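Shown next: work.cif, containing mmCIF, N, CA and C atoms.
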```cif
data_model
loop_
_atom_site.label_atom_id
_atom_site.label_comp_id
_atom_site.auth_asym_id
_atom_site.auth_seq_id
_atom_site.Cartn_x
_atom_site.Cartn_y
_atom_site.Cartn_z
N MET A 7 34.69 5.69 21.43
CA MET A 7 33.84 4.89 20.58
C MET A 7 34.58 3.59 20.26
N VAL A 8 33.85 2.47 20.26
CA VAL A 8 34.42 1.16 20.00
C VAL A 8 33.92 0.68 18.64
N TYR A 9 34.84 0.18 17.83
CA TYR A 9 34.49 -0.36 16.54
C TYR A 9 34.78 -1.85 16.52
N ALA A 10 33.82 -2.62 16.08
CA ALA A 10 34.02 -4.06 15.98
C ALA A 10 34.83 -4.35 14.72
N ALA A 11 35.74 -5.28 14.84
CA ALA A 11 36.53 -5.69 13.68
C ALA A 11 35.63 -6.44 12.71
N LYS A 12 35.79 -6.14 11.43
CA LYS A 12 35.01 -6.84 10.41
C LYS A 12 35.96 -7.70 9.60
N TYR A 13 35.57 -8.93 9.37
CA TYR A 13 36.38 -9.83 8.57
C TYR A 13 35.47 -10.78 7.82
N SER A 14 35.99 -11.31 6.76
CA SER A 14 35.24 -12.26 5.96
C SER A 14 35.16 -13.59 6.69
N LYS A 15 34.00 -14.22 6.68
CA LYS A 15 33.85 -15.52 7.32
C LYS A 15 34.62 -16.60 6.56
N ASN A 16 35.02 -16.29 5.35
CA ASN A 16 35.79 -17.25 4.56
C ASN A 16 37.29 -17.13 4.81
N ARG A 17 37.68 -16.13 5.56
CA ARG A 17 39.10 -15.92 5.85
C ARG A 17 39.43 -16.47 7.23
N CYS A 18 40.42 -17.33 7.27
CA CYS A 18 40.84 -17.94 8.53
C CYS A 18 41.47 -16.89 9.45
N PRO A 19 41.03 -16.81 10.70
CA PRO A 19 41.68 -15.91 11.65
C PRO A 19 43.14 -16.32 11.83
N ALA A 20 43.98 -15.35 12.03
CA ALA A 20 45.42 -15.61 12.14
C ALA A 20 45.73 -16.51 13.33
N HIS A 21 46.68 -17.39 13.12
CA HIS A 21 47.23 -18.19 14.22
C HIS A 21 48.07 -17.24 15.06
N PRO A 22 48.03 -17.34 16.39
CA PRO A 22 48.82 -16.44 17.21
C PRO A 22 50.32 -16.50 16.91
N GLY A 23 50.78 -17.64 16.43
CA GLY A 23 52.19 -17.77 16.06
C GLY A 23 52.58 -16.83 14.93
N ALA A 24 51.66 -16.60 14.01
CA ALA A 24 51.94 -15.69 12.89
C ALA A 24 52.14 -14.26 13.41
N LEU A 25 51.30 -13.84 14.34
CA LEU A 25 51.44 -12.50 14.92
C LEU A 25 52.76 -12.38 15.68
N LEU A 26 53.08 -13.41 16.45
CA LEU A 26 54.35 -13.42 17.17
C LEU A 26 55.53 -13.35 16.20
N ARG A 27 55.49 -14.18 15.19
CA ARG A 27 56.59 -14.29 14.22
C ARG A 27 56.78 -13.02 13.40
N ASP A 28 55.67 -12.47 12.91
CA ASP A 28 55.76 -11.36 11.96
C ASP A 28 55.80 -9.98 12.60
N ASP A 29 55.19 -9.83 13.77
CA ASP A 29 55.07 -8.49 14.35
C ASP A 29 55.66 -8.35 15.75
N VAL A 30 55.22 -9.20 16.66
CA VAL A 30 55.54 -8.99 18.07
C VAL A 30 57.02 -9.20 18.37
N ILE A 31 57.56 -10.36 18.01
CA ILE A 31 58.97 -10.64 18.33
C ILE A 31 59.91 -9.68 17.61
N PRO A 32 59.72 -9.42 16.30
CA PRO A 32 60.61 -8.45 15.65
C PRO A 32 60.58 -7.07 16.30
N ALA A 33 59.42 -6.65 16.80
CA ALA A 33 59.31 -5.34 17.43
C ALA A 33 60.10 -5.24 18.73
N THR A 34 60.39 -6.38 19.34
CA THR A 34 61.15 -6.35 20.60
C THR A 34 62.65 -6.20 20.38
N GLY A 35 63.11 -6.54 19.19
CA GLY A 35 64.54 -6.50 18.93
C GLY A 35 65.29 -7.67 19.56
N ARG A 36 64.56 -8.63 20.09
CA ARG A 36 65.16 -9.81 20.72
C ARG A 36 65.15 -10.98 19.74
N THR A 37 66.06 -11.91 19.97
CA THR A 37 66.08 -13.10 19.13
C THR A 37 65.02 -14.09 19.63
N LYS A 38 64.70 -15.05 18.78
CA LYS A 38 63.75 -16.09 19.17
C LYS A 38 64.31 -16.92 20.31
N VAL A 39 65.61 -17.12 20.31
CA VAL A 39 66.25 -17.87 21.41
C VAL A 39 66.07 -17.12 22.72
N GLU A 40 66.26 -15.80 22.71
CA GLU A 40 66.06 -15.00 23.92
C GLU A 40 64.60 -15.07 24.38
N ILE A 41 63.69 -14.97 23.43
CA ILE A 41 62.26 -15.01 23.78
C ILE A 41 61.91 -16.36 24.40
N SER A 42 62.40 -17.45 23.82
CA SER A 42 62.08 -18.77 24.39
C SER A 42 62.65 -18.89 25.80
N ARG A 43 63.84 -18.35 26.01
CA ARG A 43 64.45 -18.40 27.35
C ARG A 43 63.64 -17.56 28.34
N LEU A 44 63.22 -16.37 27.92
CA LEU A 44 62.42 -15.52 28.80
C LEU A 44 61.07 -16.15 29.13
N LEU A 45 60.50 -16.87 28.18
CA LEU A 45 59.23 -17.56 28.40
C LEU A 45 59.39 -18.82 29.23
N GLY A 46 60.60 -19.34 29.27
CA GLY A 46 60.83 -20.58 30.01
C GLY A 46 60.35 -21.81 29.26
N ILE A 47 60.41 -21.73 27.92
CA ILE A 47 60.02 -22.87 27.09
C ILE A 47 61.18 -23.21 26.16
N SER A 48 61.13 -24.39 25.58
CA SER A 48 62.20 -24.80 24.68
C SER A 48 62.13 -23.99 23.38
N ARG A 49 63.29 -23.90 22.73
CA ARG A 49 63.32 -23.22 21.43
C ARG A 49 62.40 -23.94 20.46
N GLN A 50 62.42 -25.29 20.52
CA GLN A 50 61.58 -26.07 19.60
C GLN A 50 60.10 -25.76 19.80
N ARG A 51 59.68 -25.65 21.04
CA ARG A 51 58.27 -25.33 21.32
C ARG A 51 57.90 -23.98 20.72
N LEU A 52 58.78 -22.98 20.92
CA LEU A 52 58.51 -21.66 20.35
C LEU A 52 58.49 -21.73 18.82
N TYR A 53 59.45 -22.42 18.22
CA TYR A 53 59.49 -22.53 16.77
C TYR A 53 58.25 -23.24 16.23
N ASP A 54 57.77 -24.26 16.93
CA ASP A 54 56.55 -24.94 16.51
C ASP A 54 55.34 -24.00 16.52
N ILE A 55 55.28 -23.13 17.52
CA ILE A 55 54.20 -22.14 17.59
C ILE A 55 54.36 -21.12 16.46
N LEU A 56 55.57 -20.62 16.27
CA LEU A 56 55.81 -19.61 15.24
C LEU A 56 55.53 -20.13 13.84
N HIS A 57 55.75 -21.42 13.62
CA HIS A 57 55.49 -22.03 12.31
C HIS A 57 54.10 -22.64 12.25
N GLU A 58 53.27 -22.34 13.25
CA GLU A 58 51.86 -22.73 13.30
C GLU A 58 51.66 -24.23 13.29
N LYS A 59 52.65 -24.95 13.84
CA LYS A 59 52.55 -26.40 13.97
C LYS A 59 51.92 -26.80 15.30
N LYS A 60 52.02 -25.94 16.29
CA LYS A 60 51.46 -26.19 17.63
C LYS A 60 50.59 -25.00 18.03
N PRO A 61 49.54 -25.26 18.79
CA PRO A 61 48.70 -24.16 19.27
C PRO A 61 49.34 -23.46 20.47
N VAL A 62 48.82 -22.28 20.75
CA VAL A 62 49.19 -21.58 21.98
C VAL A 62 48.27 -22.12 23.07
N SER A 63 48.84 -22.91 23.98
CA SER A 63 48.06 -23.47 25.09
C SER A 63 47.75 -22.37 26.10
N ALA A 64 46.87 -22.66 27.03
CA ALA A 64 46.55 -21.69 28.08
C ALA A 64 47.79 -21.33 28.88
N ALA A 65 48.63 -22.33 29.17
CA ALA A 65 49.85 -22.08 29.94
C ALA A 65 50.81 -21.16 29.17
N ILE A 66 50.95 -21.39 27.88
CA ILE A 66 51.82 -20.54 27.06
C ILE A 66 51.20 -19.15 26.94
N ALA A 67 49.88 -19.07 26.82
CA ALA A 67 49.21 -17.77 26.75
C ALA A 67 49.48 -16.93 27.99
N VAL A 68 49.47 -17.57 29.15
CA VAL A 68 49.78 -16.85 30.40
C VAL A 68 51.20 -16.31 30.34
N ARG A 69 52.12 -17.11 29.86
CA ARG A 69 53.53 -16.68 29.76
C ARG A 69 53.68 -15.53 28.76
N LEU A 70 53.03 -15.67 27.59
CA LEU A 70 53.09 -14.61 26.59
C LEU A 70 52.47 -13.32 27.11
N GLY A 71 51.33 -13.46 27.78
CA GLY A 71 50.65 -12.29 28.34
C GLY A 71 51.51 -11.55 29.34
N LYS A 72 52.24 -12.28 30.14
CA LYS A 72 53.13 -11.66 31.12
C LYS A 72 54.32 -11.01 30.43
N LEU A 73 54.94 -11.73 29.50
CA LEU A 73 56.13 -11.22 28.83
C LEU A 73 55.85 -9.95 28.04
N PHE A 74 54.74 -9.95 27.32
CA PHE A 74 54.44 -8.81 26.46
C PHE A 74 53.47 -7.82 27.09
N GLY A 75 52.99 -8.11 28.29
CA GLY A 75 52.18 -7.17 29.05
C GLY A 75 50.76 -6.98 28.56
N ASP A 76 50.26 -7.92 27.75
CA ASP A 76 48.91 -7.75 27.22
C ASP A 76 47.90 -8.75 27.78
N GLY A 77 48.32 -9.59 28.70
CA GLY A 77 47.42 -10.57 29.31
C GLY A 77 47.24 -11.80 28.46
N ALA A 78 46.82 -12.86 29.10
CA ALA A 78 46.66 -14.15 28.44
C ALA A 78 45.46 -14.18 27.50
N GLY A 79 44.45 -13.39 27.79
CA GLY A 79 43.21 -13.43 27.02
C GLY A 79 43.38 -13.17 25.54
N VAL A 80 44.25 -12.27 25.19
CA VAL A 80 44.51 -11.94 23.79
C VAL A 80 44.94 -13.20 23.04
N TRP A 81 45.87 -13.92 23.64
CA TRP A 81 46.44 -15.09 22.99
C TRP A 81 45.47 -16.26 22.95
N THR A 82 44.70 -16.46 24.03
CA THR A 82 43.74 -17.56 24.03
C THR A 82 42.58 -17.29 23.07
N ARG A 83 42.15 -16.03 22.98
CA ARG A 83 41.07 -15.70 22.03
C ARG A 83 41.52 -15.88 20.58
N MET A 84 42.75 -15.49 20.29
CA MET A 84 43.27 -15.69 18.93
C MET A 84 43.32 -17.17 18.58
N GLN A 85 43.83 -17.98 19.52
CA GLN A 85 43.93 -19.41 19.25
C GLN A 85 42.55 -20.02 19.11
N ALA A 86 41.61 -19.63 19.96
CA ALA A 86 40.25 -20.17 19.90
C ALA A 86 39.57 -19.80 18.58
N ALA A 87 39.75 -18.58 18.11
CA ALA A 87 39.15 -18.16 16.84
C ALA A 87 39.73 -18.97 15.69
N HIS A 88 41.03 -19.18 15.71
CA HIS A 88 41.71 -19.96 14.67
C HIS A 88 41.21 -21.41 14.68
N ASP A 89 41.19 -22.01 15.86
CA ASP A 89 40.77 -23.41 15.98
C ASP A 89 39.30 -23.59 15.60
N THR A 90 38.45 -22.67 16.04
CA THR A 90 37.02 -22.76 15.75
C THR A 90 36.75 -22.66 14.25
N TRP A 91 37.43 -21.74 13.58
CA TRP A 91 37.27 -21.58 12.14
C TRP A 91 37.55 -22.90 11.43
N HIS A 92 38.65 -23.55 11.82
CA HIS A 92 39.00 -24.83 11.19
C HIS A 92 37.98 -25.92 11.54
N ALA A 93 37.57 -25.97 12.80
CA ALA A 93 36.61 -26.99 13.23
C ALA A 93 35.27 -26.85 12.50
N GLU A 94 34.83 -25.62 12.28
CA GLU A 94 33.57 -25.40 11.58
C GLU A 94 33.61 -25.90 10.15
N ARG A 95 34.80 -26.05 9.61
CA ARG A 95 34.95 -26.51 8.24
C ARG A 95 35.28 -28.00 8.14
N THR A 96 35.62 -28.61 9.25
CA THR A 96 36.01 -30.02 9.19
C THR A 96 35.06 -30.96 9.94
N GLU A 97 34.35 -30.46 10.91
CA GLU A 97 33.45 -31.31 11.71
C GLU A 97 32.10 -31.44 11.02
N ASP A 98 31.67 -32.67 10.83
CA ASP A 98 30.36 -32.93 10.23
C ASP A 98 29.33 -32.98 11.36
N VAL A 99 28.51 -31.96 11.44
CA VAL A 99 27.50 -31.88 12.51
C VAL A 99 26.08 -31.99 11.96
N ARG A 100 25.96 -32.44 10.72
CA ARG A 100 24.62 -32.53 10.11
C ARG A 100 23.68 -33.46 10.86
N HIS A 101 24.23 -34.47 11.52
CA HIS A 101 23.40 -35.45 12.21
C HIS A 101 23.02 -35.00 13.63
N ILE A 102 23.52 -33.88 14.07
CA ILE A 102 23.23 -33.38 15.42
C ILE A 102 22.06 -32.39 15.35
N PRO A 103 20.99 -32.66 16.08
CA PRO A 103 19.86 -31.73 16.02
C PRO A 103 20.15 -30.46 16.84
N THR A 104 19.41 -29.42 16.54
CA THR A 104 19.48 -28.20 17.34
C THR A 104 18.23 -28.21 18.22
N ILE A 105 18.44 -28.09 19.52
CA ILE A 105 17.31 -28.09 20.46
C ILE A 105 17.26 -26.77 21.20
N LYS A 106 16.11 -26.45 21.69
CA LYS A 106 15.91 -25.20 22.44
C LYS A 106 15.44 -25.55 23.84
N ALA A 107 15.85 -24.77 24.80
CA ALA A 107 15.39 -24.97 26.17
C ALA A 107 13.92 -24.57 26.27
N LYS A 108 13.17 -25.32 27.05
CA LYS A 108 11.75 -25.01 27.24
C LYS A 108 11.62 -23.88 28.24
N ALA A 109 10.66 -23.02 27.99
CA ALA A 109 10.40 -21.88 28.90
C ALA A 109 9.90 -22.42 30.22
N ALA A 110 10.29 -21.77 31.30
CA ALA A 110 9.90 -22.22 32.63
C ALA A 110 8.50 -21.81 32.98
#
```
For the structure just supplied, provide its representation as structure tokens.
Amino acid sequence: MVYAAKYSKNRCPAHPGALLRDDVIPATGRTKVEISRLLGISRQRLYDILHEKKPVSAAIAVRLGKLFGDGAGVWTRMQAAHDTWHAERTEDVRHIPTIKAKAA
């Protein structure tokens, strides 16, 4: 049986860096320096992601998915949910109409 996750629409979805920082990296027993080396990225890039200053790009998601064995999709979906939540609150779309496709 599959259960859909329920969350408040007022709560921002977690940045993937928070999950990496708080759960994933500590569970490996590796240092952040080791993780950055294994990923093939600079320590600064990893630290920027962990401190939620930079997004997880598709390229980084592929690397994370390989390193942790969970695939890139997990990381890209988390980043997209986080970015979309913020965009829905900052983009003014009131002037854009909603249109429907005409039936064939």
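Coordinates place atom CA of Val68 of chain A at a distance of 19.0 Å from atom N of Asp28 of chain A.
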Could you tell me, as a PDB file with N, CA and C atoms, in the frame of the given file, exactly which residues end up selected when the PyMOL selection byres (((chain A and resi 75-89 and name CA) around 8) and name CA) is applied to this structure?
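Listing of result-v4.pdb after writing:
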```pdb
ATOM      1  N   CYS A  18      40.420 -17.330   7.270  1.00  0.00           N
ATOM      2  CA  CYS A  18      40.840 -17.940   8.530  1.00  0.00           C
ATOM      3  C   CYS A  18      41.470 -16.890   9.450  1.00  0.00           C
ATOM      4  N   PRO A  19      41.030 -16.810  10.700  1.00  0.00           N
ATOM      5  CA  PRO A  19      41.680 -15.910  11.650  1.00  0.00           C
ATOM      6  C   PRO A  19      43.140 -16.320  11.830  1.00  0.00           C
ATOM      7  N   ALA A  20      43.980 -15.350  12.030  1.00  0.00           N
ATOM      8  CA  ALA A  20      45.420 -15.610  12.140  1.00  0.00           C
ATOM      9  C   ALA A  20      45.730 -16.510  13.330  1.00  0.00           C
ATOM     10  N   HIS A  21      46.680 -17.390  13.120  1.00  0.00           N
ATOM     11  CA  HIS A  21      47.230 -18.190  14.220  1.00  0.00           C
ATOM     12  C   HIS A  21      48.070 -17.240  15.060  1.00  0.00           C
ATOM     13  N   PRO A  22      48.030 -17.340  16.390  1.00  0.00           N
ATOM     14  CA  PRO A  22      48.820 -16.440  17.210  1.00  0.00           C
ATOM     15  C   PRO A  22      50.320 -16.500  16.910  1.00  0.00           C
ATOM     16  N   PRO A  61      49.540 -25.260  18.790  1.00  0.00           N
ATOM     17  CA  PRO A  61      48.700 -24.160  19.270  1.00  0.00           C
ATOM     18  C   PRO A  61      49.340 -23.460  20.470  1.00  0.00           C
ATOM     19  N   VAL A  62      48.820 -22.280  20.750  1.00  0.00           N
ATOM     20  CA  VAL A  62      49.190 -21.580  21.980  1.00  0.00           C
ATOM     21  C   VAL A  62      48.270 -22.120  23.070  1.00  0.00           C
ATOM     22  N   SER A  63      48.840 -22.910  23.980  1.00  0.00           N
ATOM     23  CA  SER A  63      48.060 -23.470  25.090  1.00  0.00           C
ATOM     24  C   SER A  63      47.750 -22.370  26.100  1.00  0.00           C
ATOM     25  N   ALA A  64      46.870 -22.660  27.030  1.00  0.00           N
ATOM     26  CA  ALA A  64      46.550 -21.690  28.080  1.00  0.00           C
ATOM     27  C   ALA A  64      47.790 -21.330  28.880  1.00  0.00           C
ATOM     28  N   ALA A  67      49.880 -19.070  26.820  1.00  0.00           N
ATOM     29  CA  ALA A  67      49.210 -17.770  26.750  1.00  0.00           C
ATOM     30  C   ALA A  67      49.480 -16.930  27.990  1.00  0.00           C
ATOM     31  N   VAL A  68      49.470 -17.570  29.150  1.00  0.00           N
ATOM     32  CA  VAL A  68      49.780 -16.850  30.400  1.00  0.00           C
ATOM     33  C   VAL A  68      51.200 -16.310  30.340  1.00  0.00           C
ATOM     34  N   ARG A  69      52.120 -17.110  29.860  1.00  0.00           N
ATOM     35  CA  ARG A  69      53.530 -16.680  29.760  1.00  0.00           C
ATOM     36  C   ARG A  69      53.680 -15.530  28.760  1.00  0.00           C
ATOM     37  N   LEU A  70      53.030 -15.670  27.590  1.00  0.00           N
ATOM     38  CA  LEU A  70      53.090 -14.610  26.590  1.00  0.00           C
ATOM     39  C   LEU A  70      52.470 -13.320  27.110  1.00  0.00           C
ATOM     40  N   GLY A  71      51.330 -13.460  27.780  1.00  0.00           N
ATOM     41  CA  GLY A  71      50.650 -12.290  28.340  1.00  0.00           C
ATOM     42  C   GLY A  71      51.510 -11.550  29.340  1.00  0.00           C
ATOM     43  N   LYS A  72      52.240 -12.280  30.140  1.00  0.00           N
ATOM     44  CA  LYS A  72      53.130 -11.660  31.120  1.00  0.00           C
ATOM     45  C   LYS A  72      54.320 -11.010  30.430  1.00  0.00           C
ATOM     46  N   LEU A  73      54.940 -11.730  29.500  1.00  0.00           N
ATOM     47  CA  LEU A  73      56.130 -11.220  28.830  1.00  0.00           C
ATOM     48  C   LEU A  73      55.850  -9.950  28.040  1.00  0.00           C
ATOM     49  N   PHE A  74      54.740  -9.950  27.320  1.00  0.00           N
ATOM     50  CA  PHE A  74      54.440  -8.810  26.460  1.00  0.00           C
ATOM     51  C   PHE A  74      53.470  -7.820  27.090  1.00  0.00           C
ATOM     52  N   THR A  90      38.450 -22.670  16.040  1.00  0.00           N
ATOM     53  CA  THR A  90      37.020 -22.760  15.750  1.00  0.00           C
ATOM     54  C   THR A  90      36.750 -22.660  14.250  1.00  0.00           C
ATOM     55  N   TRP A  91      37.430 -21.740  13.580  1.00  0.00           N
ATOM     56  CA  TRP A  91      37.270 -21.580  12.140  1.00  0.00           C
ATOM     57  C   TRP A  91      37.550 -22.900  11.430  1.00  0.00           C
ATOM     58  N   HIS A  92      38.650 -23.550  11.820  1.00  0.00           N
ATOM     59  CA  HIS A  92      39.000 -24.830  11.190  1.00  0.00           C
ATOM     60  C   HIS A  92      37.980 -25.920  11.540  1.00  0.00           C
ATOM     61  N   ALA A  93      37.570 -25.970  12.800  1.00  0.00           N
ATOM     62  CA  ALA A  93      36.610 -26.990  13.230  1.00  0.00           C
ATOM     63  C   ALA A  93      35.270 -26.850  12.500  1.00  0.00           C
TER      64      ALA A  93
END
```
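Atom to atom, atom N of Arg95 of chain A and atom CA of Lys15 of chain A stand 10.8 Å apart.
Of the listed residues A:Gly23, A:Thr96, A:Val39, A:Ile47, the one whose atoms come nearest to Lys60 of chain A is A:Gly23, with distances taken using only C-alpha atoms.
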How far is it from atom N of Arg27 of chain A to atom N of Leu56 of chain A, in Å with one decimal?
6.5 Å
When DSSP is applied to the backbone of this structure, which of chain A are assigned alpha helix (DSSP H)? Write them out as an MDAnalysis selection string.
chainID A and resid 22:25 31:34 38:45 49:56 64:74 78:96
Would you mind completing segment 55-65 of chain A to all heavy atoms and writing the output as a PDB file, keeping the file's coordinate frame?
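The result, stored in result29.pdb:
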```pdb
ATOM      1  N   ILE A  55      55.280 -23.130  17.520  1.00  0.00           N
ATOM      2  CA  ILE A  55      54.200 -22.140  17.590  1.00  0.00           C
ATOM      3  C   ILE A  55      54.360 -21.120  16.460  1.00  0.00           C
ATOM      4  O   ILE A  55      53.394 -20.800  15.759  1.00  0.00           O
ATOM      5  CB  ILE A  55      54.163 -21.448  18.968  1.00  0.00           C
ATOM      6  CG1 ILE A  55      53.734 -22.446  20.047  1.00  0.00           C
ATOM      7  CG2 ILE A  55      53.223 -20.232  18.949  1.00  0.00           C
ATOM      8  CD1 ILE A  55      53.932 -21.958  21.470  1.00  0.00           C
ATOM      9  N   LEU A  56      55.570 -20.620  16.270  1.00  0.00           N
ATOM     10  CA  LEU A  56      55.810 -19.610  15.240  1.00  0.00           C
ATOM     11  C   LEU A  56      55.530 -20.130  13.840  1.00  0.00           C
ATOM     12  O   LEU A  56      55.090 -19.379  12.966  1.00  0.00           O
ATOM     13  CB  LEU A  56      57.255 -19.105  15.315  1.00  0.00           C
ATOM     14  CG  LEU A  56      57.655 -18.406  16.611  1.00  0.00           C
ATOM     15  CD1 LEU A  56      59.116 -17.985  16.560  1.00  0.00           C
ATOM     16  CD2 LEU A  56      56.763 -17.211  16.908  1.00  0.00           C
ATOM     17  N   HIS A  57      55.750 -21.420  13.620  1.00  0.00           N
ATOM     18  CA  HIS A  57      55.490 -22.030  12.310  1.00  0.00           C
ATOM     19  C   HIS A  57      54.100 -22.640  12.250  1.00  0.00           C
ATOM     20  O   HIS A  57      53.802 -23.401  11.319  1.00  0.00           O
ATOM     21  CB  HIS A  57      56.574 -23.048  11.976  1.00  0.00           C
ATOM     22  CG  HIS A  57      57.916 -22.412  11.809  1.00  0.00           C
ATOM     23  ND1 HIS A  57      58.208 -21.507  10.818  1.00  0.00           N
ATOM     24  CD2 HIS A  57      59.045 -22.519  12.538  1.00  0.00           C
ATOM     25  CE1 HIS A  57      59.451 -21.099  10.930  1.00  0.00           C
ATOM     26  NE2 HIS A  57      59.995 -21.701  11.982  1.00  0.00           N
ATOM     27  N   GLU A  58      53.270 -22.340  13.250  1.00  0.00           N
ATOM     28  CA  GLU A  58      51.860 -22.730  13.300  1.00  0.00           C
ATOM     29  C   GLU A  58      51.660 -24.230  13.290  1.00  0.00           C
ATOM     30  O   GLU A  58      50.651 -24.746  12.836  1.00  0.00           O
ATOM     31  CB  GLU A  58      51.096 -22.054  12.156  1.00  0.00           C
ATOM     32  CG  GLU A  58      51.243 -20.539  12.184  1.00  0.00           C
ATOM     33  CD  GLU A  58      50.617 -19.832  10.999  1.00  0.00           C
ATOM     34  OE1 GLU A  58      49.546 -20.297  10.527  1.00  0.00           O
ATOM     35  OE2 GLU A  58      51.188 -18.826  10.552  1.00  0.00           O
ATOM     36  N   LYS A  59      52.650 -24.950  13.840  1.00  0.00           N
ATOM     37  CA  LYS A  59      52.550 -26.400  13.970  1.00  0.00           C
ATOM     38  C   LYS A  59      51.920 -26.800  15.300  1.00  0.00           C
ATOM     39  O   LYS A  59      51.398 -27.901  15.422  1.00  0.00           O
ATOM     40  CB  LYS A  59      53.935 -27.038  13.841  1.00  0.00           C
ATOM     41  CG  LYS A  59      54.538 -26.883  12.472  1.00  0.00           C
ATOM     42  CD  LYS A  59      55.908 -27.493  12.408  1.00  0.00           C
ATOM     43  CE  LYS A  59      56.519 -27.308  11.038  1.00  0.00           C
ATOM     44  NZ  LYS A  59      57.878 -27.841  10.987  1.00  0.00           N
ATOM     45  N   LYS A  60      52.020 -25.940  16.290  1.00  0.00           N
ATOM     46  CA  LYS A  60      51.460 -26.190  17.630  1.00  0.00           C
ATOM     47  C   LYS A  60      50.590 -25.000  18.030  1.00  0.00           C
ATOM     48  O   LYS A  60      50.887 -23.853  17.672  1.00  0.00           O
ATOM     49  CB  LYS A  60      52.557 -26.352  18.680  1.00  0.00           C
ATOM     50  CG  LYS A  60      53.468 -27.529  18.468  1.00  0.00           C
ATOM     51  CD  LYS A  60      52.822 -28.791  18.936  1.00  0.00           C
ATOM     52  CE  LYS A  60      53.833 -29.936  18.818  1.00  0.00           C
ATOM     53  NZ  LYS A  60      53.271 -31.189  19.108  1.00  0.00           N
ATOM     54  N   PRO A  61      49.540 -25.260  18.790  1.00  0.00           N
ATOM     55  CA  PRO A  61      48.700 -24.160  19.270  1.00  0.00           C
ATOM     56  C   PRO A  61      49.340 -23.460  20.470  1.00  0.00           C
ATOM     57  O   PRO A  61      50.238 -23.983  21.113  1.00  0.00           O
ATOM     58  CB  PRO A  61      47.410 -24.872  19.693  1.00  0.00           C
ATOM     59  CG  PRO A  61      47.885 -26.220  20.116  1.00  0.00           C
ATOM     60  CD  PRO A  61      49.029 -26.571  19.195  1.00  0.00           C
ATOM     61  N   VAL A  62      48.820 -22.280  20.750  1.00  0.00           N
ATOM     62  CA  VAL A  62      49.190 -21.580  21.980  1.00  0.00           C
ATOM     63  C   VAL A  62      48.270 -22.120  23.070  1.00  0.00           C
ATOM     64  O   VAL A  62      47.067 -21.874  23.059  1.00  0.00           O
ATOM     65  CB  VAL A  62      49.029 -20.053  21.831  1.00  0.00           C
ATOM     66  CG1 VAL A  62      49.185 -19.352  23.162  1.00  0.00           C
ATOM     67  CG2 VAL A  62      50.037 -19.514  20.825  1.00  0.00           C
ATOM     68  N   SER A  63      48.840 -22.910  23.980  1.00  0.00           N
ATOM     69  CA  SER A  63      48.060 -23.470  25.090  1.00  0.00           C
ATOM     70  C   SER A  63      47.750 -22.370  26.100  1.00  0.00           C
ATOM     71  O   SER A  63      48.331 -21.277  26.048  1.00  0.00           O
ATOM     72  CB  SER A  63      48.856 -24.579  25.776  1.00  0.00           C
ATOM     73  OG  SER A  63      50.001 -24.020  26.412  1.00  0.00           O
ATOM     74  N   ALA A  64      46.870 -22.660  27.030  1.00  0.00           N
ATOM     75  CA  ALA A  64      46.550 -21.690  28.080  1.00  0.00           C
ATOM     76  C   ALA A  64      47.790 -21.330  28.880  1.00  0.00           C
ATOM     77  O   ALA A  64      48.011 -20.162  29.227  1.00  0.00           O
ATOM     78  CB  ALA A  64      45.456 -22.247  28.993  1.00  0.00           C
ATOM     79  N   ALA A  65      48.630 -22.330  29.170  1.00  0.00           N
ATOM     80  CA  ALA A  65      49.850 -22.080  29.940  1.00  0.00           C
ATOM     81  C   ALA A  65      50.810 -21.160  29.170  1.00  0.00           C
ATOM     82  O   ALA A  65      51.406 -20.245  29.750  1.00  0.00           O
ATOM     83  CB  ALA A  65      50.546 -23.396  30.280  1.00  0.00           C
TER      84      ALA A  65
END
```
